[in-house]
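Student: This one is target18.tsv, TSV, C-alpha atoms.
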chain	number	residue	atom	x	y	z
K	4	MET	CA	15.28	-34.56	38.00
K	5	ASP	CA	18.51	-36.19	36.85
K	6	ALA	CA	18.48	-36.09	33.05
K	7	LYS	CA	21.60	-38.25	32.73
K	8	LEU	CA	21.27	-41.69	31.17
K	9	ASN	CA	22.04	-44.84	33.15
K	10	ILE	CA	24.54	-46.94	31.22
K	11	ALA	CA	25.26	-50.57	32.09
K	12	VAL	CA	28.91	-51.33	31.34
K	13	VAL	CA	28.54	-55.09	31.10
K	14	ALA	CA	31.57	-57.16	32.09
K	15	GLY	CA	32.38	-60.63	33.40
K	16	GLY	CA	31.59	-63.74	31.39
K	17	GLU	CA	32.14	-67.45	31.82
K	18	GLN	CA	35.72	-67.92	30.62
K	19	SER	CA	39.29	-66.99	31.54
K	20	GLU	CA	38.92	-63.50	30.10
K	21	VAL	CA	36.84	-62.33	33.09
K	22	VAL	CA	39.77	-60.47	34.66
K	23	VAL	CA	40.45	-58.64	31.39
K	24	SER	CA	36.76	-57.80	30.97
K	25	ILE	CA	36.56	-56.18	34.41
K	26	LYS	CA	39.62	-54.06	33.57
K	27	SER	CA	38.00	-53.00	30.28
K	28	ALA	CA	34.79	-52.07	32.12
K	29	LYS	CA	36.72	-49.86	34.55
K	30	GLY	CA	38.54	-48.32	31.60
K	31	ILE	CA	35.26	-47.52	29.82
K	32	VAL	CA	33.81	-45.98	32.99
K	33	SER	CA	36.92	-43.81	33.36
K	34	PHE	CA	36.56	-42.54	29.78
K	35	MET	CA	32.80	-41.99	29.85
K	36	ASP	CA	31.31	-38.48	29.94
K	37	LYS	CA	29.93	-38.24	33.48
K	38	SER	CA	28.01	-35.06	32.63
K	39	ARG	CA	25.84	-37.14	30.28
K	40	TYR	CA	25.89	-40.62	31.79
K	41	ASN	CA	25.67	-42.50	35.06
K	42	PRO	CA	27.79	-45.58	34.33
K	43	PHE	CA	27.32	-48.75	36.38
K	44	ILE	CA	29.51	-51.83	36.04
K	45	VAL	CA	27.27	-54.88	35.66
K	46	VAL	CA	29.08	-58.18	36.19
K	47	ILE	CA	27.50	-61.16	34.48
K	48	GLU	CA	28.67	-64.56	35.66
K	49	LYS	CA	26.90	-67.82	34.93
K	50	ASN	CA	24.47	-67.72	37.86
K	51	ASN	CA	25.32	-64.35	39.35
K	52	TRP	CA	24.34	-61.09	37.68
K	53	HIS	CA	25.04	-58.04	39.80
K	54	VAL	CA	25.92	-54.36	39.82
K	55	LEU	CA	29.38	-53.64	41.24
K	56	LEU	CA	29.74	-50.21	42.86
K	57	ASP	CA	33.00	-48.35	43.49
K	58	ASP	CA	32.98	-49.27	47.19
K	59	GLY	CA	32.86	-52.98	46.32
K	60	SER	CA	29.20	-53.45	47.27
K	61	THR	CA	27.01	-55.48	44.93
K	62	PHE	CA	23.32	-55.50	44.07
K	63	PRO	CA	21.60	-58.36	42.21
K	64	ILE	CA	20.22	-57.80	38.73
K	65	ASP	CA	16.64	-58.79	37.99
K	66	LYS	CA	17.10	-60.70	34.74
K	67	ASN	CA	13.45	-60.27	33.78
K	68	GLN	CA	13.83	-56.54	33.26
K	69	PHE	CA	17.59	-55.97	33.64
K	70	THR	CA	17.02	-53.72	36.65
K	71	PHE	CA	18.35	-53.51	40.21
K	72	GLN	CA	17.33	-51.99	43.53
K	73	LEU	CA	19.38	-49.10	44.95
K	74	ASN	CA	18.28	-47.30	48.10
K	75	HIS	CA	14.82	-48.86	47.77
K	76	GLN	CA	14.47	-47.51	44.25
K	77	GLU	CA	14.24	-49.61	41.09
K	78	MET	CA	17.04	-48.58	38.75
K	79	HIS	CA	16.56	-48.97	34.99
K	80	PHE	CA	19.25	-48.80	32.30
K	81	ASP	CA	18.98	-46.80	29.10
K	82	CYS	CA	21.75	-48.61	27.24
K	83	ALA	CA	24.21	-51.49	27.68
K	84	TYR	CA	27.85	-51.15	26.69
K	85	ILE	CA	29.04	-54.75	26.30
K	86	THR	CA	32.68	-55.38	27.17
K	87	ILE	CA	32.59	-59.11	27.91
K	88	HIS	CA	35.42	-60.99	26.20
K	89	GLY	CA	33.99	-64.46	25.56
K	90	ILE	CA	30.69	-66.12	26.49
K	91	PRO	CA	27.98	-64.74	26.72
K	92	GLY	CA	28.87	-61.22	25.56
K	93	GLU	CA	30.96	-61.92	22.48
K	94	ASP	CA	29.12	-64.88	20.98
K	95	GLY	CA	25.66	-63.33	20.48
K	96	ARG	CA	23.84	-64.75	23.49
K	97	LEU	CA	23.73	-61.51	25.47
K	98	GLN	CA	22.83	-59.54	22.36
K	99	GLY	CA	19.81	-61.83	21.88
K	100	TYR	CA	18.74	-61.25	25.49
K	101	PHE	CA	18.98	-57.48	25.11
K	102	GLU	CA	16.99	-57.58	21.88
K	103	MET	CA	14.25	-59.59	23.60
K	104	ILE	CA	13.88	-56.99	26.36
K	105	ASP	CA	14.30	-54.02	23.96
K	106	MET	CA	17.53	-52.80	25.56
K	107	PRO	CA	19.81	-50.75	23.29
K	108	TYR	CA	23.36	-52.13	23.22
K	109	THR	CA	26.59	-50.98	21.61
K	110	SER	CA	28.11	-54.02	19.97
K	111	CYS	CA	27.51	-56.21	16.92
K	112	ASN	CA	24.18	-58.00	16.55
K	113	VAL	CA	23.44	-61.65	17.32
K	114	LEU	CA	24.42	-63.08	13.94
K	115	THR	CA	27.61	-61.05	13.55
K	116	SER	CA	28.71	-61.80	17.11
K	117	ALA	CA	28.11	-65.54	16.71
K	118	LEU	CA	29.93	-65.61	13.38
K	119	THR	CA	33.00	-63.67	14.50
K	120	TYR	CA	33.29	-65.55	17.78
K	121	ASN	CA	33.98	-68.76	15.87
K	122	LYS	CA	37.43	-68.02	14.43
K	123	PHE	CA	37.43	-70.90	11.93
K	124	VAL	CA	33.95	-70.13	10.57
K	125	CYS	CA	34.61	-66.38	10.41
K	126	ASN	CA	37.94	-66.74	8.60
K	127	SER	CA	36.50	-69.33	6.21
K	128	PHE	CA	33.58	-66.99	5.45
K	129	LEU	CA	35.81	-63.98	4.84
K	130	LYS	CA	38.13	-66.05	2.64
K	131	GLU	CA	35.28	-66.25	0.14
K	132	PHE	CA	35.46	-62.44	-0.17
K	133	GLY	CA	39.13	-62.46	-1.08
K	134	ILE	CA	40.53	-61.98	2.44
K	135	SER	CA	43.78	-63.90	2.93
K	136	VAL	CA	43.91	-66.20	5.97
K	137	ALA	CA	46.36	-68.81	7.27
K	138	PRO	CA	45.72	-72.48	6.34
K	139	SER	CA	43.99	-74.12	9.30
K	140	ILE	CA	42.32	-77.20	10.77
K	141	ARG	CA	39.43	-77.26	13.24
K	142	LEU	CA	39.10	-80.09	15.78
K	143	SER	CA	36.19	-81.04	18.02
K	144	ARG	CA	36.54	-83.12	21.19
K	145	GLN	CA	35.05	-86.14	19.45
K	146	GLU	CA	37.56	-86.17	16.60
K	147	ASN	CA	40.60	-88.37	16.45
K	148	PHE	CA	43.71	-86.65	15.17
K	149	GLN	CA	47.20	-87.68	14.16
K	150	SER	CA	50.06	-85.29	14.86
K	151	ASP	CA	52.02	-86.32	11.78
K	152	LYS	CA	49.06	-85.59	9.49
K	153	ILE	CA	48.59	-82.16	11.07
K	154	VAL	CA	52.28	-81.39	10.52
K	155	ALA	CA	52.12	-82.65	6.93
K	156	GLU	CA	49.17	-80.35	6.20
K	157	LEU	CA	50.13	-77.21	8.11
K	158	GLY	CA	53.88	-77.47	8.63
K	159	LEU	CA	55.93	-76.37	11.63
K	160	PRO	CA	55.87	-74.23	13.59
K	161	CYS	CA	52.11	-73.89	13.92
K	162	PHE	CA	49.70	-72.32	16.37
K	163	VAL	CA	47.25	-74.33	18.45
K	164	LYS	CA	44.52	-72.21	20.02
K	165	PRO	CA	40.92	-72.37	21.29
K	166	ASN	CA	38.58	-71.80	18.37
K	167	LEU	CA	36.15	-70.03	20.71
K	168	GLY	CA	37.68	-67.53	23.11
K	169	GLY	CA	40.23	-64.79	23.25
K	170	SER	CA	42.95	-62.91	25.14
K	171	SER	CA	45.48	-65.58	24.07
K	172	PHE	CA	44.41	-68.02	26.79
K	173	GLY	CA	45.25	-71.60	25.83
K	174	VAL	CA	47.42	-70.64	22.83
K	175	THR	CA	50.63	-72.55	22.07
K	176	LYS	CA	53.24	-72.06	19.40
K	177	VAL	CA	54.17	-75.63	18.49
K	178	LYS	CA	57.64	-76.26	17.08
K	179	SER	CA	57.73	-80.07	16.96
K	180	ALA	CA	55.17	-82.81	16.32
K	181	HIS	CA	55.48	-84.31	19.81
K	182	GLU	CA	54.23	-81.01	21.33
K	183	ILE	CA	50.93	-81.03	19.44
K	184	ASP	CA	48.96	-83.36	21.72
K	185	ALA	CA	49.70	-81.36	24.89
K	186	ALA	CA	48.95	-78.10	23.06
K	187	ILE	CA	45.59	-79.42	21.87
K	188	GLN	CA	44.63	-80.56	25.37
K	189	LYS	CA	45.60	-77.14	26.73
K	190	ALA	CA	43.38	-75.43	24.15
K	191	PHE	CA	40.48	-77.78	24.93
K	192	LYS	CA	40.51	-76.49	28.52
K	193	GLU	CA	39.33	-73.14	27.11
K	194	SER	CA	36.99	-74.27	24.35
K	195	ASN	CA	35.13	-77.27	22.92
K	196	GLU	CA	36.79	-76.64	19.57
K	197	VAL	CA	40.46	-76.21	18.75
K	198	LEU	CA	41.93	-74.29	15.84
K	199	ILE	CA	45.35	-75.20	14.43
K	200	GLU	CA	46.89	-72.65	12.07
K	201	SER	CA	50.02	-72.51	9.95
K	202	PHE	CA	52.65	-70.12	11.26
K	203	LEU	CA	52.97	-66.95	9.20
K	204	ALA	CA	56.24	-65.08	9.64
K	205	GLY	CA	55.91	-61.34	9.31
K	206	THR	CA	54.91	-58.07	10.93
K	207	GLU	CA	51.87	-58.19	13.21
K	208	VAL	CA	49.54	-55.18	13.14
K	209	THR	CA	46.11	-54.33	14.47
K	210	ASN	CA	43.53	-51.81	13.34
K	211	GLY	CA	40.42	-50.44	15.03
K	212	ILE	CA	37.26	-49.02	13.47
K	213	PHE	CA	33.82	-47.79	14.42
K	214	LYS	CA	30.76	-46.85	12.43
K	215	THR	CA	27.66	-44.87	13.35
K	216	HIS	CA	24.78	-43.40	11.38
K	217	LYS	CA	26.91	-40.27	10.97
K	218	ARG	CA	30.22	-41.70	9.77
K	219	GLN	CA	32.76	-44.49	9.64
K	220	VAL	CA	36.16	-43.90	11.23
K	221	VAL	CA	39.13	-46.22	10.67
K	222	PHE	CA	41.87	-45.63	13.22
K	223	PRO	CA	45.62	-45.58	12.55
K	224	VAL	CA	47.36	-48.96	12.36
K	225	THR	CA	49.36	-50.20	15.36
K	226	GLU	CA	52.44	-52.39	14.93
K	227	VAL	CA	52.88	-55.09	17.56
K	228	VAL	CA	56.39	-56.22	18.46
K	229	PRO	CA	56.16	-58.98	21.12
K	230	LYS	CA	59.11	-59.58	23.40
K	231	ASN	CA	57.95	-63.20	23.66
K	232	GLU	CA	57.59	-65.88	20.98
K	233	PHE	CA	54.23	-64.42	19.96
K	234	PHE	CA	51.60	-61.95	21.16
K	235	ASP	CA	50.50	-64.00	24.18
K	236	PHE	CA	48.64	-62.97	27.34
K	237	ASP	CA	51.74	-61.51	29.01
K	238	ALA	CA	52.55	-59.53	25.88
K	239	LYS	CA	48.99	-58.20	25.77
K	240	TYR	CA	48.43	-57.35	29.41
K	241	LYS	CA	51.76	-57.29	31.23
K	242	GLY	CA	53.65	-54.90	28.99
K	243	GLU	CA	55.79	-57.57	27.36
K	244	SER	CA	55.45	-56.08	23.89
K	245	GLU	CA	56.22	-52.89	22.04
K	246	GLU	CA	53.17	-51.26	20.47
K	247	ILE	CA	53.91	-48.60	17.87
K	248	THR	CA	51.20	-46.26	16.55
K	249	PRO	CA	51.28	-45.45	13.71
K	250	ALA	CA	52.92	-48.64	12.45
K	251	ARG	CA	56.30	-48.42	10.75
K	252	ILE	CA	54.94	-49.33	7.33
K	253	SER	CA	54.42	-47.37	4.12
K	254	ALA	CA	51.51	-45.00	3.67
K	255	GLU	CA	50.27	-47.20	0.81
K	256	LEU	CA	50.27	-50.36	2.95
K	257	THR	CA	48.61	-48.50	5.81
K	258	GLN	CA	45.84	-47.38	3.48
K	259	THR	CA	45.36	-50.91	2.14
K	260	ILE	CA	45.06	-52.30	5.68
K	261	GLN	CA	42.53	-49.62	6.60
K	262	GLN	CA	40.54	-50.35	3.44
K	263	THR	CA	40.59	-54.06	4.31
K	264	THR	CA	39.37	-53.28	7.84
K	265	SER	CA	36.50	-51.22	6.43
K	266	LYS	CA	35.65	-53.97	3.92
K	267	ILE	CA	35.54	-56.64	6.63
K	268	TYR	CA	33.46	-54.40	8.93
K	269	ASN	CA	30.89	-53.91	6.19
K	270	ILE	CA	30.85	-57.54	5.01
K	271	LEU	CA	30.16	-58.71	8.56
K	272	ASN	CA	27.63	-55.91	9.20
K	273	CYS	CA	29.45	-54.88	12.37
K	274	ARG	CA	28.34	-52.25	14.89
K	275	GLY	CA	30.24	-50.18	17.43
K	276	ILE	CA	34.00	-50.48	17.87
K	277	ILE	CA	35.81	-53.55	16.59
K	278	ARG	CA	39.49	-54.34	16.13
K	279	ILE	CA	41.02	-56.56	13.45
K	280	ASP	CA	44.41	-58.24	13.78
K	281	TYR	CA	46.62	-58.98	10.76
K	282	ILE	CA	50.06	-60.25	9.92
K	283	ILE	CA	51.95	-58.81	6.95
K	284	THR	CA	54.02	-61.39	5.06
K	285	ASN	CA	56.42	-61.03	2.14
K	286	GLY	CA	56.58	-57.29	2.69
K	287	ASP	CA	53.03	-56.39	1.63
K	288	LYS	CA	50.66	-59.37	1.82
K	289	ILE	CA	47.92	-58.72	4.40
K	290	ASN	CA	46.68	-61.84	6.20
K	291	LEU	CA	43.72	-61.78	8.59
K	292	LEU	CA	44.37	-63.22	12.04
K	293	GLU	CA	41.22	-62.41	13.97
K	294	VAL	CA	38.19	-60.12	14.22
K	295	ASN	CA	37.55	-58.79	17.76
K	296	THR	CA	34.03	-57.43	18.24
K	297	THR	CA	34.48	-56.52	21.93
K	298	PRO	CA	38.09	-55.30	21.98
K	299	GLY	CA	39.91	-54.47	25.20
K	300	MET	CA	39.29	-50.95	26.50
K	301	THR	CA	41.77	-50.56	29.33
K	302	PRO	CA	43.82	-47.33	29.17
K	303	THR	CA	46.72	-49.33	27.67
K	304	SER	CA	44.61	-51.32	25.18
K	305	PHE	CA	45.03	-50.82	21.44
K	306	ILE	CA	41.81	-48.89	20.77
K	307	PRO	CA	42.41	-46.18	23.42
K	308	GLN	CA	45.94	-45.89	22.03
K	309	GLN	CA	44.75	-45.50	18.42
K	310	ILE	CA	41.90	-43.03	19.00
K	311	PRO	CA	44.09	-39.99	19.91
K	312	HIS	CA	46.19	-40.61	16.79
K	313	ALA	CA	42.95	-40.18	14.81
K	314	GLY	CA	42.50	-36.72	16.33
K	315	LEU	CA	39.68	-37.89	18.61
K	316	THR	CA	39.19	-38.56	22.30
K	317	VAL	CA	37.96	-41.85	23.72
K	318	THR	CA	35.21	-39.94	25.54
K	319	GLU	CA	33.74	-38.47	22.35
K	320	VAL	CA	33.95	-41.82	20.54
K	321	LEU	CA	32.12	-43.61	23.37
K	322	THR	CA	29.48	-40.87	23.43
K	323	GLU	CA	28.92	-41.15	19.69
K	324	ILE	CA	28.60	-44.95	19.88
K	325	ILE	CA	26.22	-44.89	22.85
K	326	GLU	CA	23.99	-42.25	21.26
K	327	ASP	CA	24.04	-44.13	17.96
K	328	SER	CA	22.98	-47.40	19.63
K	329	MET	CA	19.84	-45.70	20.90
K	330	ILE	CA	18.69	-44.76	17.40
K	331	SER	CA	16.28	-47.38	16.12
K	332	LEU	CA	17.84	-49.39	13.34
So, in terms of structure tokens, how does the structure I just supplied come out?

Tutor:
Amino acid sequence: MDAKLNIAVVAGGEQSEVVVSIKSAKGIVSFMDKSRYNPFIVVIEKNNWHVLLDDGSTFPIDKNQFTFQLNHQEMHFDCAYITIHGIPGEDGRLQGYFEMIDMPYTSCNVLTSALTYNKFVCNSFLKEFGISVAPSIRLSRQENFQSDKIVAELGLPCFVKPNLGGSSFGVTKVKSAHEIDAAIQKAFKESNEVLIESFLAGTEVTNGIFKTHKRQVVFPVTEVVPKNEFFDFDAKYKGESEEITPARISAELTQTIQQTTSKIYNILNCRGIIRIDYIITNGDKINLLEVNTTPGMTPTSFIPQQIPHAGLTVTEVLTEIIEDSMISL
């Protein structure tokens, strides 16, 4: 009998990040210990849940039990590794489903996922714990806004982005007031809420972390040097940025960033691997940009870059996280 565990590497989603999610899923499968696990990529789209095999064939998922039929045999999963960037895997919905069917999963719980998915709410919450964030405004579709008032409050340049979503889709760096309306409409194509933030000039860095019942590991800090105006989609996924690990900052500042990452992880009660993005202003002020609870896991993503610098392999980290998720909390 095959003693290996069946792992669902859950990708897809309902937003523009689908293509990135599929790449992350393939990355996770490539890193996974095949002597311990049988990984299957499970693609979740709005009305189409299916297993995607290497040969391109697909098999529908029974949502009642999260199973599928393969060669006339019902296949069950032992654990779900969620790598959806966006709805429903990053906002808590999928986590709630897995909890209802008693399926172990690797990411943050329902509350933490819902909180971190809403950038404005998450940053406002963390601000109460002494975490520095950029001044911002949140807009809903129903709200009227005036460009001049936004400029007066936040200054120029500023960033207009979807409040719910990721991978830099729908993000615009606005340099003049007459660009704000178009930028807001662009962001609304990705989300029902728009976040407008003051521009912070400085050094952008990102820091990964994971925690299990055994230990907490904070990875080295990566410095991000975009070739474009900011760290947009092309900079993230088309190589149009320089990513330097460890970051070219002092040991003291590195330690402070890692301590901040650990503090945020614990405040939010996170699980599994997360990544937190910051911008350093005035030489040593650490400002939170965003908390990513399902960070990219392609071979060129930040987390797989940072793990070897921590003296670990991606395979052993994934194994530890999967095994930890199966321990009852």

Student: Name the closest residue to K:Asn295 among the candidates K:Ile283, K:Ile247, K:Leu167, K:Ile10; distances are taken between atoms, counting all atoms listed in the file.

Tutor: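 Counting all atoms listed in the file, the residue closest to K:Asn295 is K:Leu167.
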
Student: Considering all atoms listed in the file, return as a JSON list (two decimals) with C-alpha atoms, keeping the file's coordinate frame whatever protein or nucleic-acid residues lie within 10 Å of K:Lys152, sequence-local ones (same chain, fewer than 5 positions apart) excluded.

Tutor:
[["chain", "number", "residue", "atom", "x", "y", "z"],
["K", 157, "LEU", "CA", 50.13, -77.21, 8.11],
["K", 158, "GLY", "CA", 53.88, -77.47, 8.63],
["K", 180, "ALA", "CA", 55.17, -82.81, 16.32]]

Student: Determine, counting all atoms listed in the file, which protein, DNA and RNA residues have an atom within 8 Å of an atom of K:Ile282; residues of the same chain fewer than 3 positions away are not included. Present the result as a list in words.

Tutor: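 Near neighbours after the sequence-gap exclusion: Leu203, Ala204, Gly205, Thr206, Glu207, Val208, Ile289, Asn290, Leu291 and Leu292 of chain K.
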
Student: Measuring between all atoms listed in the file, which one of K:Leu142, K:Met78, K:Ala14, K:Val154 shows the shortest distance to K:Ile47?

Tutor: K:Ala14

Student: Give as a list in words each residue that has an atom at most 8 Å from (24.6, -50.2, 42.9) in the file, counting all atoms listed in the file.

Tutor: Phe43, Val54, Leu55, Leu56, Ser60, Thr61, Phe62, Phe71, Gln72 and Leu73 of chain K

Student: Excluding stretch 182-184 of chain K and its own-chain neighbours fewer than 5 positions away, which residues fall within 8 Å of it when counting only C-alpha atoms? Please give them as JSON, numbers by chain.

Tutor: {"K": [150, 163, 177]}

Student: Please identify every residue of stretch 161-218 of chain K that has at least one atom no farther than 10 Å from an atom of stretch 303-321 of chain K, counting all atoms listed in the file, and for each give the shortest atom pair and the distance in Å to one decimal, arranged by chain then increasing number, as JSON lines.

Tutor:
{"residue": "K:Thr209", "atom": "CA", "partner": "K:Phe305", "partner_atom": "CA", "distance": 7.9}
{"residue": "K:Asn210", "atom": "CA", "partner": "K:Ile306", "partner_atom": "CA", "distance": 8.2}
{"residue": "K:Gly211", "atom": "CA", "partner": "K:Ile306", "partner_atom": "CA", "distance": 6.1}
{"residue": "K:Ile212", "atom": "CA", "partner": "K:Ile306", "partner_atom": "CA", "distance": 8.6}
{"residue": "K:Phe213", "atom": "CA", "partner": "K:Val320", "partner_atom": "CA", "distance": 8.6}

Student: Measure the distance from atom CA of K:Gly95 to atom CA of K:Thr297 in Å and round it to one decimal.

Tutor: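 Value for the atom CA of K:Gly95-atom CA of K:Thr297 distance: 11.2 Å.
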
Student: How many Å lie between atom CA of K:Leu118 and atom CA of K:Gly173, rounded to one decimal?

Tutor: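 Straight-line distance from atom CA of K:Leu118 to atom CA of K:Gly173 works out to 20.6 Å.
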
Student: Out of K:Lys176, K:His216, K:His53, K:Arg141, which residue has the shortest atom-to-atom distance to K:Ile330 when counting all atoms listed in the file?

Tutor: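 That would be K:His216, the residue with the smallest distance to K:Ile330.
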
Student: Go ahead and fit an axis-aligned box to every listed atom of stretch 201-205 of chain K plus 5 Å each side, and pass me the centre and edge lengths in Å, one decimal, as lines of an AutoDock Vina configuration file.

Tutor:
center_x = 53.1
center_y = -66.9
center_z = 10.2
size_x = 16.2
size_y = 21.2
size_z = 12.1

Student: When you look at K:Arg144 with a cut-off of 12 Å (counting all atoms listed in the file), what residues show up, excluding the ones that are within fewer than 4 positions of it in the same chain? I need them as JSON, numbers by chain.

Tutor: {"K": [148, 165, 166, 187, 188, 190, 191, 192, 193, 194, 195, 196, 197, 198]}

Student: Tell me which of K:Ile85, K:Val227, K:Ala137, K:Ile104 sits closest to K:Thr296, counting all atoms listed in the file.

Tutor: K:Ile85

Student: Find the residues near K:Trp52: any atom within 8 Å, counting only C-alpha atoms, skip ones fewer than 4 places away on the same chain, and give them as a compact mmCIF listing (two decimals) with C-alpha atoms, in the frame of the given file.

Tutor:
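Once everything was written out, this is result-v7.txt:
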# COMPACT_ATOMS: atom_id res chain seq x y z
CA VAL K 45 27.27 -54.88 35.66
CA VAL K 46 29.08 -58.18 36.19
CA ILE K 47 27.50 -61.16 34.48
CA GLU K 48 28.67 -64.56 35.66
CA PRO K 63 21.60 -58.36 42.21
CA ILE K 64 20.22 -57.80 38.73
CA LYS K 66 17.10 -60.70 34.74

Student: Which value, in Å to one decimal, gives the distance between atom CA of K:Gly275 and atom CA of K:Asn41?

Tutor: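 Answer for the atom CA of K:Gly275 to atom CA of K:Asn41 separation: 19.8 Å.
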
Student: Around (34.9, -62.0, 14.8) in the file's own coordinates, what residues are found within 7 Å if you use all atoms listed in the file, given back as an NGL selection string?

Tutor: :K and (116 or 118-122 or 125 or 293-296)

Student: Can you work out which one of K:Glu200, K:Asp151, K:Glu77, K:Asp105 has the shortest atom-to-atom distance to K:Pro138, counting all atoms listed in the file?

Tutor: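 Closest to K:Pro138 of all the choices is K:Glu200.
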
Student: Which is closest to K:Ala155 among K:Ser201, K:Ser19, K:Ser135, K:Asn112, if we use all atoms listed in the file?

Tutor: K:Ser201

Student: Take stretch 305-325 of chain K, model N, CA and C atoms, and hand the result over as a PDB file, keeping the file's coordinate frame.

Tutor:
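Output (part.pdb):
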ATOM      1  N   PHE K 305      44.747 -51.378  22.764  1.00  0.00           N
ATOM      2  CA  PHE K 305      45.030 -50.820  21.440  1.00  0.00           C
ATOM      3  C   PHE K 305      44.080 -49.686  21.049  1.00  0.00           C
ATOM      4  N   ILE K 306      42.775 -49.886  21.227  1.00  0.00           N
ATOM      5  CA  ILE K 306      41.810 -48.890  20.770  1.00  0.00           C
ATOM      6  C   ILE K 306      42.021 -47.536  21.460  1.00  0.00           C
ATOM      7  N   PRO K 307      42.131 -47.483  22.785  1.00  0.00           N
ATOM      8  CA  PRO K 307      42.410 -46.180  23.420  1.00  0.00           C
ATOM      9  C   PRO K 307      43.749 -45.584  23.009  1.00  0.00           C
ATOM     10  N   GLN K 308      44.677 -46.418  22.550  1.00  0.00           N
ATOM     11  CA  GLN K 308      45.940 -45.890  22.030  1.00  0.00           C
ATOM     12  C   GLN K 308      45.748 -45.294  20.632  1.00  0.00           C
ATOM     13  N   GLN K 309      44.910 -45.932  19.808  1.00  0.00           N
ATOM     14  CA  GLN K 309      44.750 -45.500  18.420  1.00  0.00           C
ATOM     15  C   GLN K 309      43.880 -44.262  18.276  1.00  0.00           C
ATOM     16  N   ILE K 310      42.867 -44.125  19.144  1.00  0.00           N
ATOM     17  CA  ILE K 310      41.900 -43.030  19.000  1.00  0.00           C
ATOM     18  C   ILE K 310      42.562 -41.647  19.005  1.00  0.00           C
ATOM     19  N   PRO K 311      43.469 -41.331  19.943  1.00  0.00           N
ATOM     20  CA  PRO K 311      44.090 -39.990  19.910  1.00  0.00           C
ATOM     21  C   PRO K 311      44.874 -39.730  18.628  1.00  0.00           C
ATOM     22  N   HIS K 312      45.451 -40.783  18.041  1.00  0.00           N
ATOM     23  CA  HIS K 312      46.190 -40.610  16.790  1.00  0.00           C
ATOM     24  C   HIS K 312      45.258 -40.311  15.611  1.00  0.00           C
ATOM     25  N   ALA K 313      43.947 -40.532  15.827  1.00  0.00           N
ATOM     26  CA  ALA K 313      42.950 -40.180  14.810  1.00  0.00           C
ATOM     27  C   ALA K 313      42.389 -38.785  15.060  1.00  0.00           C
ATOM     28  N   GLY K 314      42.960 -38.068  16.030  1.00  0.00           N
ATOM     29  CA  GLY K 314      42.500 -36.720  16.330  1.00  0.00           C
ATOM     30  C   GLY K 314      41.215 -36.681  17.129  1.00  0.00           C
ATOM     31  N   LEU K 315      40.907 -37.785  17.815  1.00  0.00           N
ATOM     32  CA  LEU K 315      39.680 -37.890  18.610  1.00  0.00           C
ATOM     33  C   LEU K 315      40.029 -38.190  20.058  1.00  0.00           C
ATOM     34  N   THR K 316      39.030 -38.114  20.925  1.00  0.00           N
ATOM     35  CA  THR K 316      39.190 -38.560  22.300  1.00  0.00           C
ATOM     36  C   THR K 316      38.334 -39.804  22.514  1.00  0.00           C
ATOM     37  N   VAL K 317      38.746 -40.637  23.440  1.00  0.00           N
ATOM     38  CA  VAL K 317      37.960 -41.850  23.720  1.00  0.00           C
ATOM     39  C   VAL K 317      36.575 -41.454  24.212  1.00  0.00           C
ATOM     40  N   THR K 318      36.500 -40.393  25.002  1.00  0.00           N
ATOM     41  CA  THR K 318      35.210 -39.940  25.540  1.00  0.00           C
ATOM     42  C   THR K 318      34.229 -39.607  24.431  1.00  0.00           C
ATOM     43  N   GLU K 319      34.672 -38.841  23.422  1.00  0.00           N
ATOM     44  CA  GLU K 319      33.740 -38.470  22.350  1.00  0.00           C
ATOM     45  C   GLU K 319      33.360 -39.665  21.482  1.00  0.00           C
ATOM     46  N   VAL K 320      34.278 -40.621  21.310  1.00  0.00           N
ATOM     47  CA  VAL K 320      33.950 -41.820  20.540  1.00  0.00           C
ATOM     48  C   VAL K 320      32.907 -42.653  21.277  1.00  0.00           C
ATOM     49  N   LEU K 321      33.093 -42.848  22.587  1.00  0.00           N
ATOM     50  CA  LEU K 321      32.120 -43.610  23.370  1.00  0.00           C
ATOM     51  C   LEU K 321      30.753 -42.932  23.349  1.00  0.00           C
ATOM     52  N   THR K 322      30.747 -41.618  23.466  1.00  0.00           N
ATOM     53  CA  THR K 322      29.480 -40.870  23.430  1.00  0.00           C
ATOM     54  C   THR K 322      28.771 -41.077  22.103  1.00  0.00           C
ATOM     55  N   GLU K 323      29.518 -40.981  21.020  1.00  0.00           N
ATOM     56  CA  GLU K 323      28.920 -41.150  19.690  1.00  0.00           C
ATOM     57  C   GLU K 323      28.338 -42.555  19.517  1.00  0.00           C
ATOM     58  N   ILE K 324      29.050 -43.554  20.015  1.00  0.00           N
ATOM     59  CA  ILE K 324      28.600 -44.950  19.880  1.00  0.00           C
ATOM     60  C   ILE K 324      27.362 -45.205  20.743  1.00  0.00           C
ATOM     61  N   ILE K 325      27.371 -44.696  21.970  1.00  0.00           N
ATOM     62  CA  ILE K 325      26.220 -44.890  22.850  1.00  0.00           C
ATOM     63  C   ILE K 325      24.978 -44.213  22.265  1.00  0.00           C
TER      64      ILE K 325
END
